[in-house]
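S.K.: Before I ask anything, here is the structure I am working with.
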2 protein chains.
Amino acid sequence: MLKILNKIKKYETIIIHGHKRPDGDCYGAQFGLKDIIKQSFPEKKVFVVGETSAFVDFVGKMDTIPDEIYQGALSIVVDTAVEDRVSDPRYKLGKEIIKIDHHIPVDDYGDLRWVDTNFPSCAQMIAYMYYKYRKELKLSLEGAIAMYTGIVTDTGRFRFRGVSNLTHKMAGLLIDKGVDVEYIDGKLGKETLEMVALKGYVYSNLVTTQGFVYLKMTRDIIEKYQVTDEQAASVVGLLGGIEGYPVWALFIEYPNEVRIRLRSNGPTINELANRYGGGGHAKASGAKLESWDQLPDFIKDVEAVVQAYNEA
Amino acid sequence: MLKILNKIKKYETIIIHGHKRPDGDCYGAQFGLKDIIKQSFPEKKVFVVGETSAFVDFVGKMDTIPDEIYQGALSIVVDTAVEDRVSDPRYKLGKEIIKIDHHIPVDDYGDLRWVDTNFPSCAQMIAYMYYKYRKELKLSLEGAIAMYTGIVTDTGRFRFRGVSNLTHKMAGLLIDKGVDVEYIDGKLGKETLEMVALKGYVYSNLVTTQGFVYLKMTRDIIEKYQVTDEQAASVVGLLGGIEGYPVWALFIEYPNEVRIRLRSNGPTINELANRYGGGGHAKASGAKLESWDQLPDFIKDVEAVVQAYNEA
């Protein structure tokens, strides 16, 4: 951590990257880190780049920068285990590259790495860095909102097992910086009547098999309920926690593939996800099917995972 | 707080009461306090009495005691603002009565009172008492699970405005005592296929008016979906947070009345609840209708509250 701080001190220009299809934690880590650097070293130029995500756009706005800015600059990539998921790929143009992540490492990219899977969110890592060096670092409300959002979204509101005393300590510290938890909840929790109708559809149309519950989210349905792909993907959480169904998945139809959001509260499912062109956490992974034809095989494979788990 | 601790030290027998239709926080405060007293003063007799609630029965089991035990005993009532909501009413048989609560005080019952509305849960008050006198008090995992459950349920998972640095500090302390957050989430979050089907019904049948969204939960529906009254009542949360609808309510049909669970993320609604035989928090209240005939009037009154709020 100290090495990273020293690199940050050394560079005049710092460009912070995250991953493709960024989530709240990616935004939280990116904009939290930007705020800390800007507040602590106002003379530095700090940019946050990459894909945007509408549901967390209250956290901050991405910068659009030309390639030249990377010359002699420091690239920092947060929350991204796999190299080709970094958004955008120009991070390689930086003079040096730092990786900060809490996922199981897949690609050891970067000149300097801080990877710690004990953190349930990457935003908590950034908050912890601030906390550890709080005598020389500064943080404004904006950065606190960003990191709080990251912590909340990646821990499912302090629900997942990685949540520790430190997680709560960091959340408390951010609240003391002025974070209004109801404001953030309102931003994250607001939903439209369209989404409410979609939820009704999801609960009324989910399919159960042996220990596995899933829903097919076809283009028809996404269009019928007038929601974005992102909103459609977000309903995966609705399928979780049903008694007798430790694994659940949402299959989302895209033009050339079916993307899978696979979740578990029992068996480890990232190995299965690896076999279907994906990966991720032990209990929350992504994967894909080439077409709906592969669905029966995928279901069989999930059932085998559940059965092995039940027999263990 | 010190006065309360001294009273606890003085009595040999202590009986802890909560409120009717107890929630997670009521259980959390009751069983948390019991555990602290039992661990710290093993020679004392400590009982928890009152109505039970199935969804939090993993927190602890109520004691059944004869009237005689109250003789010369200390009664402690937690989480209950209104005297006639105390369960059961024998708390009055105690030699002295202590009230510990975080609701806006309605009845100033009890010989000694610790009422602080700054606490978002009563369980946090108990945890704080433990924390403050941790040099002489003890706490086991059982009590930690109870209080963590209370904190989580009454803050909607750390979402409501009363949540502070202290809330997170107490949560972190309880986690350090061994609380497994996923275990508790599993206990609280588990739902049956019947409940999932009911949710589908709720999302597909909610009614929207001017700034108000509600659902009529009739006996027919409760029977059709084979859920308990408690489960039926729990769906009020599904109606919240919809854009443009700052007030929501669930109307639950009972044999002789319609009970209302009224919620808001904008206007204060407990005054309205008072007019309909209820009360509670500024943004979460209970009330009742004598019959469905009163519903149109109630809706008009809610709309007036929303309109006044929007114009303020």
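Lettering and numbering for the structure tokens are positional, with chains as A, B, ... in the shown order, residues counted from 1 in each chain, and ligands counted from 1 in the shown order.
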DSSP on the backbone: which residues in region 24-267 of chain B end up as alpha helix (DSSP H)? Give the answer as a ChimeraX atom specification.
M.R.: /B:24-40,122-132,141-154,165-176,181-189,193-205,219-224,229-234
S.K.: For chain A, which residues have at least one atom within 7 Å of chain B, if we go by only C-alpha atoms? Write them as a PyMOL selection string, please.
M.R.: chain A and resi 157+159-161+164-165+168-169+171-173+175-176+181-182+185+189-193+196-197+199-201+203-204+241-243
S.K.: Once you have the residues from the selection above, write them out as an mmCIF file, in the first residue's frame, restricted to N, CA and C atoms.
M.R.:
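Output saved as out_7.cif:
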```cif
data_model
loop_
_atom_site.group_PDB
_atom_site.id
_atom_site.type_symbol
_atom_site.label_atom_id
_atom_site.label_comp_id
_atom_site.auth_asym_id
_atom_site.auth_seq_id
_atom_site.Cartn_x
_atom_site.Cartn_y
_atom_site.Cartn_z
ATOM 1 N N ARG A 157 -25.485 -4.977 0.648
ATOM 2 C CA ARG A 157 -25.851 -4.283 1.892
ATOM 3 C C ARG A 157 -25.362 -5.021 3.141
ATOM 4 N N ARG A 159 -24.277 -7.954 3.625
ATOM 5 C CA ARG A 159 -24.854 -9.267 3.859
ATOM 6 C C ARG A 159 -23.914 -10.425 3.597
ATOM 7 N N PHE A 160 -22.898 -10.234 2.741
ATOM 8 C CA PHE A 160 -22.108 -11.387 2.310
ATOM 9 C C PHE A 160 -20.996 -11.698 3.302
ATOM 10 N N ARG A 161 -20.489 -12.922 3.209
ATOM 11 C CA ARG A 161 -19.607 -13.417 4.248
ATOM 12 C C ARG A 161 -18.331 -12.608 4.435
ATOM 13 N N SER A 164 -16.707 -7.743 7.427
ATOM 14 C CA SER A 164 -16.004 -7.876 8.702
ATOM 15 C C SER A 164 -16.182 -6.611 9.525
ATOM 16 N N ASN A 165 -15.610 -6.661 10.700
ATOM 17 C CA ASN A 165 -15.554 -5.470 11.539
ATOM 18 C C ASN A 165 -14.978 -4.300 10.731
ATOM 19 N N HIS A 168 -17.473 -2.568 8.462
ATOM 20 C CA HIS A 168 -18.357 -1.653 9.194
ATOM 21 C C HIS A 168 -17.602 -0.412 9.671
ATOM 22 N N LYS A 169 -16.347 -0.621 10.013
ATOM 23 C CA LYS A 169 -15.535 0.522 10.454
ATOM 24 C C LYS A 169 -15.391 1.525 9.305
ATOM 25 N N ALA A 171 -17.418 1.816 6.718
ATOM 26 C CA ALA A 171 -18.737 2.401 6.449
ATOM 27 C C ALA A 171 -19.018 3.517 7.452
ATOM 28 N N GLY A 172 -18.704 3.279 8.711
ATOM 29 C CA GLY A 172 -18.916 4.286 9.741
ATOM 30 C C GLY A 172 -18.084 5.538 9.481
ATOM 31 N N LEU A 173 -16.855 5.327 9.095
ATOM 32 C CA LEU A 173 -15.955 6.445 8.783
ATOM 33 C C LEU A 173 -16.528 7.286 7.625
ATOM 34 N N ILE A 175 -19.676 7.488 6.742
ATOM 35 C CA ILE A 175 -20.872 8.189 7.235
ATOM 36 C C ILE A 175 -20.448 9.446 7.999
ATOM 37 N N ASP A 176 -19.382 9.323 8.766
ATOM 38 C CA ASP A 176 -18.881 10.503 9.479
ATOM 39 C C ASP A 176 -18.384 11.591 8.529
ATOM 40 N N VAL A 181 -27.061 7.907 4.170
ATOM 41 C CA VAL A 181 -27.339 6.546 3.704
ATOM 42 C C VAL A 181 -28.686 6.429 3.005
ATOM 43 N N GLU A 182 -29.641 7.251 3.412
ATOM 44 C CA GLU A 182 -30.943 7.176 2.735
ATOM 45 C C GLU A 182 -30.882 7.773 1.332
ATOM 46 N N ASP A 185 -29.340 5.050 -0.684
ATOM 47 C CA ASP A 185 -30.323 3.998 -0.849
ATOM 48 C C ASP A 185 -31.395 4.415 -1.849
ATOM 49 N N GLY A 189 -31.969 2.393 -4.876
ATOM 50 C CA GLY A 189 -33.183 1.606 -4.696
ATOM 51 C C GLY A 189 -34.379 2.070 -5.507
ATOM 52 N N LYS A 190 -34.297 3.285 -6.035
ATOM 53 C CA LYS A 190 -35.431 3.802 -6.800
ATOM 54 C C LYS A 190 -35.735 2.894 -7.969
ATOM 55 N N GLU A 191 -36.994 2.617 -8.112
ATOM 56 C CA GLU A 191 -37.316 1.861 -9.298
ATOM 57 C C GLU A 191 -38.586 2.387 -9.941
ATOM 58 N N THR A 192 -38.717 2.041 -11.197
ATOM 59 C CA THR A 192 -39.820 2.563 -11.981
ATOM 60 C C THR A 192 -40.974 1.572 -11.946
ATOM 61 N N LEU A 193 -42.140 2.046 -12.330
ATOM 62 C CA LEU A 193 -43.288 1.143 -12.420
ATOM 63 C C LEU A 193 -43.019 0.018 -13.414
ATOM 64 N N VAL A 196 -41.166 -2.608 -11.585
ATOM 65 C CA VAL A 196 -42.071 -3.308 -10.673
ATOM 66 C C VAL A 196 -42.867 -4.365 -11.452
ATOM 67 N N ALA A 197 -43.319 -3.978 -12.620
ATOM 68 C CA ALA A 197 -44.067 -4.921 -13.452
ATOM 69 C C ALA A 197 -43.165 -6.082 -13.864
ATOM 70 N N LYS A 199 -40.656 -7.244 -12.214
ATOM 71 C CA LYS A 199 -40.479 -8.112 -11.047
ATOM 72 C C LYS A 199 -41.659 -9.068 -10.901
ATOM 73 N N GLY A 200 -42.854 -8.540 -11.125
ATOM 74 C CA GLY A 200 -44.038 -9.391 -11.090
ATOM 75 C C GLY A 200 -43.890 -10.540 -12.083
ATOM 76 N N TYR A 201 -43.370 -10.193 -13.281
ATOM 77 C CA TYR A 201 -43.151 -11.230 -14.293
ATOM 78 C C TYR A 201 -42.148 -12.273 -13.799
ATOM 79 N N TYR A 203 -41.181 -13.135 -10.718
ATOM 80 C CA TYR A 203 -41.667 -14.006 -9.650
ATOM 81 C C TYR A 203 -42.737 -14.977 -10.147
ATOM 82 N N SER A 204 -43.446 -14.579 -11.165
ATOM 83 C CA SER A 204 -44.527 -15.448 -11.645
ATOM 84 C C SER A 204 -44.046 -16.439 -12.697
ATOM 85 N N GLY A 241 -32.138 -17.126 -2.511
ATOM 86 C CA GLY A 241 -32.612 -17.331 -1.142
ATOM 87 C C GLY A 241 -33.909 -18.099 -1.018
ATOM 88 N N ILE A 242 -34.305 -18.806 -2.055
ATOM 89 C CA ILE A 242 -35.527 -19.611 -1.960
ATOM 90 C C ILE A 242 -35.166 -20.970 -1.371
ATOM 91 N N GLU A 243 -35.927 -21.343 -0.365
ATOM 92 C CA GLU A 243 -35.652 -22.581 0.349
ATOM 93 C C GLU A 243 -35.599 -23.769 -0.603
#
```
S.K.: Sorted by chain and rising residue number, which residues of region 125-182 of chain B lie within 8 Å of region 23-26 of chain B, and what are their closest atom pairs and distances in Å to one decimal, counting only C-alpha atoms, as a Markdown table?
M.R.:
```
| residue | atom | partner | partner_atom | distance |
| --- | --- | --- | --- | --- |
| B:Met147 | CA | B:Asp25 | CA | 7.5 |
| B:Thr149 | CA | B:Gly24 | CA | 6.1 |
| B:Gly150 | CA | B:Asp25 | CA | 3.6 |
| B:Ile151 | CA | B:Asp25 | CA | 6.5 |
| B:Thr153 | CA | B:Gly24 | CA | 5.7 |
| B:Asp154 | CA | B:Asp25 | CA | 5.8 |
```
S.K.: Restrict the selected residues to N, CA and C atoms and save them as an mmCIF file, in the first residue's frame.
M.R.:
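Output file selection.cif is given in full below:
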```cif
data_model
loop_
_atom_site.group_PDB
_atom_site.id
_atom_site.type_symbol
_atom_site.label_atom_id
_atom_site.label_comp_id
_atom_site.auth_asym_id
_atom_site.auth_seq_id
_atom_site.Cartn_x
_atom_site.Cartn_y
_atom_site.Cartn_z
ATOM 1 N N MET B 147 -28.578 -9.392 18.893
ATOM 2 C CA MET B 147 -28.506 -7.942 18.681
ATOM 3 C C MET B 147 -28.198 -7.583 17.236
ATOM 4 N N THR B 149 -29.170 -9.267 14.708
ATOM 5 C CA THR B 149 -30.465 -9.445 14.032
ATOM 6 C C THR B 149 -31.353 -8.224 14.244
ATOM 7 N N GLY B 150 -31.373 -7.715 15.464
ATOM 8 C CA GLY B 150 -32.174 -6.526 15.754
ATOM 9 C C GLY B 150 -31.711 -5.316 14.968
ATOM 10 N N ILE B 151 -30.414 -5.115 14.923
ATOM 11 C CA ILE B 151 -29.868 -3.965 14.199
ATOM 12 C C ILE B 151 -30.205 -4.064 12.716
ATOM 13 N N THR B 153 -32.566 -5.837 11.160
ATOM 14 C CA THR B 153 -33.978 -5.790 10.769
ATOM 15 C C THR B 153 -34.557 -4.386 10.944
ATOM 16 N N ASP B 154 -34.185 -3.697 12.013
ATOM 17 C CA ASP B 154 -34.794 -2.385 12.242
ATOM 18 C C ASP B 154 -34.190 -1.275 11.384
#
```
S.K.: Would you mind listing what lies within 8 Å of Asn118 (chain B) as a count of residues only, with only C-alpha atoms counted and same-chain residues fewer than 2 positions away left out?
M.R.: 4
S.K.: Name the residues in contact with Asp107 (chain B) at a cut-off of 9 Å, using only C-alpha atoms, excluding same-chain residues fewer than 4 positions from it; report them as an NGL selection string.
M.R.: :B and (81-83)
S.K.: Using only C-alpha atoms, which protein or nucleic acid residues come within 7 Å of region 216-229 of chain B? Drop anything in the same chain fewer than 2 positions from it, and give the result as a list in words.
M.R.: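 The residues that qualify are Glu194, Met195, Leu198, Tyr214, Gln231, Ala232, Ala233, Leu250, Phe251, Ile252 and Glu253 of chain B.
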S.K.: Please produce a file of the residues just selected, as a PDB file, in the first residue's frame, where the atoms kept are N, CA, C and O atoms.
M.R.:
```pdb
ATOM      1  N   GLU B 194     -43.984 -20.465  -2.009  1.00  0.00           N
ATOM      2  CA  GLU B 194     -45.286 -19.809  -1.809  1.00  0.00           C
ATOM      3  C   GLU B 194     -45.090 -18.288  -1.714  1.00  0.00           C
ATOM      4  O   GLU B 194     -45.829 -17.508  -2.311  1.00  0.00           O
ATOM      5  N   MET B 195     -44.052 -17.884  -0.954  1.00  0.00           N
ATOM      6  CA  MET B 195     -43.802 -16.452  -0.801  1.00  0.00           C
ATOM      7  C   MET B 195     -43.393 -15.821  -2.132  1.00  0.00           C
ATOM      8  O   MET B 195     -43.758 -14.693  -2.438  1.00  0.00           O
ATOM      9  N   LEU B 198     -46.417 -15.246  -4.006  1.00  0.00           N
ATOM     10  CA  LEU B 198     -47.144 -14.100  -3.453  1.00  0.00           C
ATOM     11  C   LEU B 198     -46.511 -12.787  -3.920  1.00  0.00           C
ATOM     12  O   LEU B 198     -47.211 -11.831  -4.261  1.00  0.00           O
ATOM     13  N   TYR B 214     -50.498   1.148  -3.153  1.00  0.00           N
ATOM     14  CA  TYR B 214     -50.954   0.254  -2.090  1.00  0.00           C
ATOM     15  C   TYR B 214     -51.401  -1.097  -2.646  1.00  0.00           C
ATOM     16  O   TYR B 214     -51.565  -1.262  -3.863  1.00  0.00           O
ATOM     17  N   GLN B 231     -46.207 -13.467   7.076  1.00  0.00           N
ATOM     18  CA  GLN B 231     -45.588 -13.433   5.754  1.00  0.00           C
ATOM     19  C   GLN B 231     -46.323 -12.463   4.840  1.00  0.00           C
ATOM     20  O   GLN B 231     -45.710 -11.700   4.096  1.00  0.00           O
ATOM     21  N   ALA B 232     -47.649 -12.507   4.926  1.00  0.00           N
ATOM     22  CA  ALA B 232     -48.446 -11.612   4.098  1.00  0.00           C
ATOM     23  C   ALA B 232     -48.117 -10.153   4.437  1.00  0.00           C
ATOM     24  O   ALA B 232     -48.000  -9.306   3.544  1.00  0.00           O
ATOM     25  N   ALA B 233     -47.951  -9.886   5.728  1.00  0.00           N
ATOM     26  CA  ALA B 233     -47.678  -8.510   6.156  1.00  0.00           C
ATOM     27  C   ALA B 233     -46.291  -8.051   5.717  1.00  0.00           C
ATOM     28  O   ALA B 233     -46.048  -6.867   5.515  1.00  0.00           O
ATOM     29  N   LEU B 250     -49.705  -1.307   2.895  1.00  0.00           N
ATOM     30  CA  LEU B 250     -50.284  -2.625   2.711  1.00  0.00           C
ATOM     31  C   LEU B 250     -51.493  -2.711   3.647  1.00  0.00           C
ATOM     32  O   LEU B 250     -51.380  -2.419   4.837  1.00  0.00           O
ATOM     33  N   PHE B 251     -52.647  -3.070   3.080  1.00  0.00           N
ATOM     34  CA  PHE B 251     -53.865  -3.229   3.872  1.00  0.00           C
ATOM     35  C   PHE B 251     -54.103  -4.726   4.059  1.00  0.00           C
ATOM     36  O   PHE B 251     -54.276  -5.443   3.076  1.00  0.00           O
ATOM     37  N   ILE B 252     -54.096  -5.160   5.292  1.00  0.00           N
ATOM     38  CA  ILE B 252     -54.247  -6.589   5.548  1.00  0.00           C
ATOM     39  C   ILE B 252     -55.587  -6.840   6.223  1.00  0.00           C
ATOM     40  O   ILE B 252     -55.878  -6.296   7.295  1.00  0.00           O
ATOM     41  N   GLU B 253     -56.401  -7.662   5.603  1.00  0.00           N
ATOM     42  CA  GLU B 253     -57.746  -7.938   6.105  1.00  0.00           C
ATOM     43  C   GLU B 253     -57.694  -8.919   7.275  1.00  0.00           C
ATOM     44  O   GLU B 253     -57.116 -10.000   7.159  1.00  0.00           O
TER      45      GLU B 253
END
```
S.K.: Which residue gives the smallest distance to Cys122 (chain A) among A:Ile37, A:Ala73, A:Met1, A:Ala29, with only C-alpha atoms counted?
M.R.: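 So, comparing all the options, the nearest one is A:Ala29.
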S.K.: Just the strand (DSSP E or B) stuff from region 14-51 of chain A, please, per backbone DSSP, written as a list in words.
M.R.: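 DSSP-assigned strand (DSSP E or B) residues in region 14-51 of chain A: Ile14, Ile15, Ile16, His17, Gly18, His19, Lys45, Val46, Phe47 and Val48 of chain A.
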S.K.: Print the selection's residues with C-alpha atoms to a file, as a PDB file, in the first residue's frame.
M.R.:
```
ATOM      1  CA  ILE A  14      -2.887   9.516 -12.980  1.00  0.00           C
ATOM      2  CA  ILE A  15      -5.538   7.700 -14.982  1.00  0.00           C
ATOM      3  CA  ILE A  16      -7.886   5.337 -13.188  1.00  0.00           C
ATOM      4  CA  HIS A  17      -9.470   2.440 -15.042  1.00  0.00           C
ATOM      5  CA  GLY A  18     -12.087  -0.120 -14.037  1.00  0.00           C
ATOM      6  CA  HIS A  19     -13.742  -3.035 -15.749  1.00  0.00           C
ATOM      7  CA  LYS A  45      -4.189  15.654 -12.905  1.00  0.00           C
ATOM      8  CA  VAL A  46      -6.473  12.698 -12.213  1.00  0.00           C
ATOM      9  CA  PHE A  47      -8.838  11.103 -14.705  1.00  0.00           C
ATOM     10  CA  VAL A  48     -11.372   8.321 -14.443  1.00  0.00           C
TER      11      VAL A  48
END
```
S.K.: Quick one: everything within 12 Å of Asp84 (chain A), counting only C-alpha atoms, minus sequence neighbours fewer than 5 positions away in the same chain. Send it as a list in words.
M.R.: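 In the requested form, the answer reads Gly18, His19, Lys20, Val77, Pro89, Arg90, Tyr91, Lys92, Val106, Asp107, Asp108 and Tyr109 of chain A.
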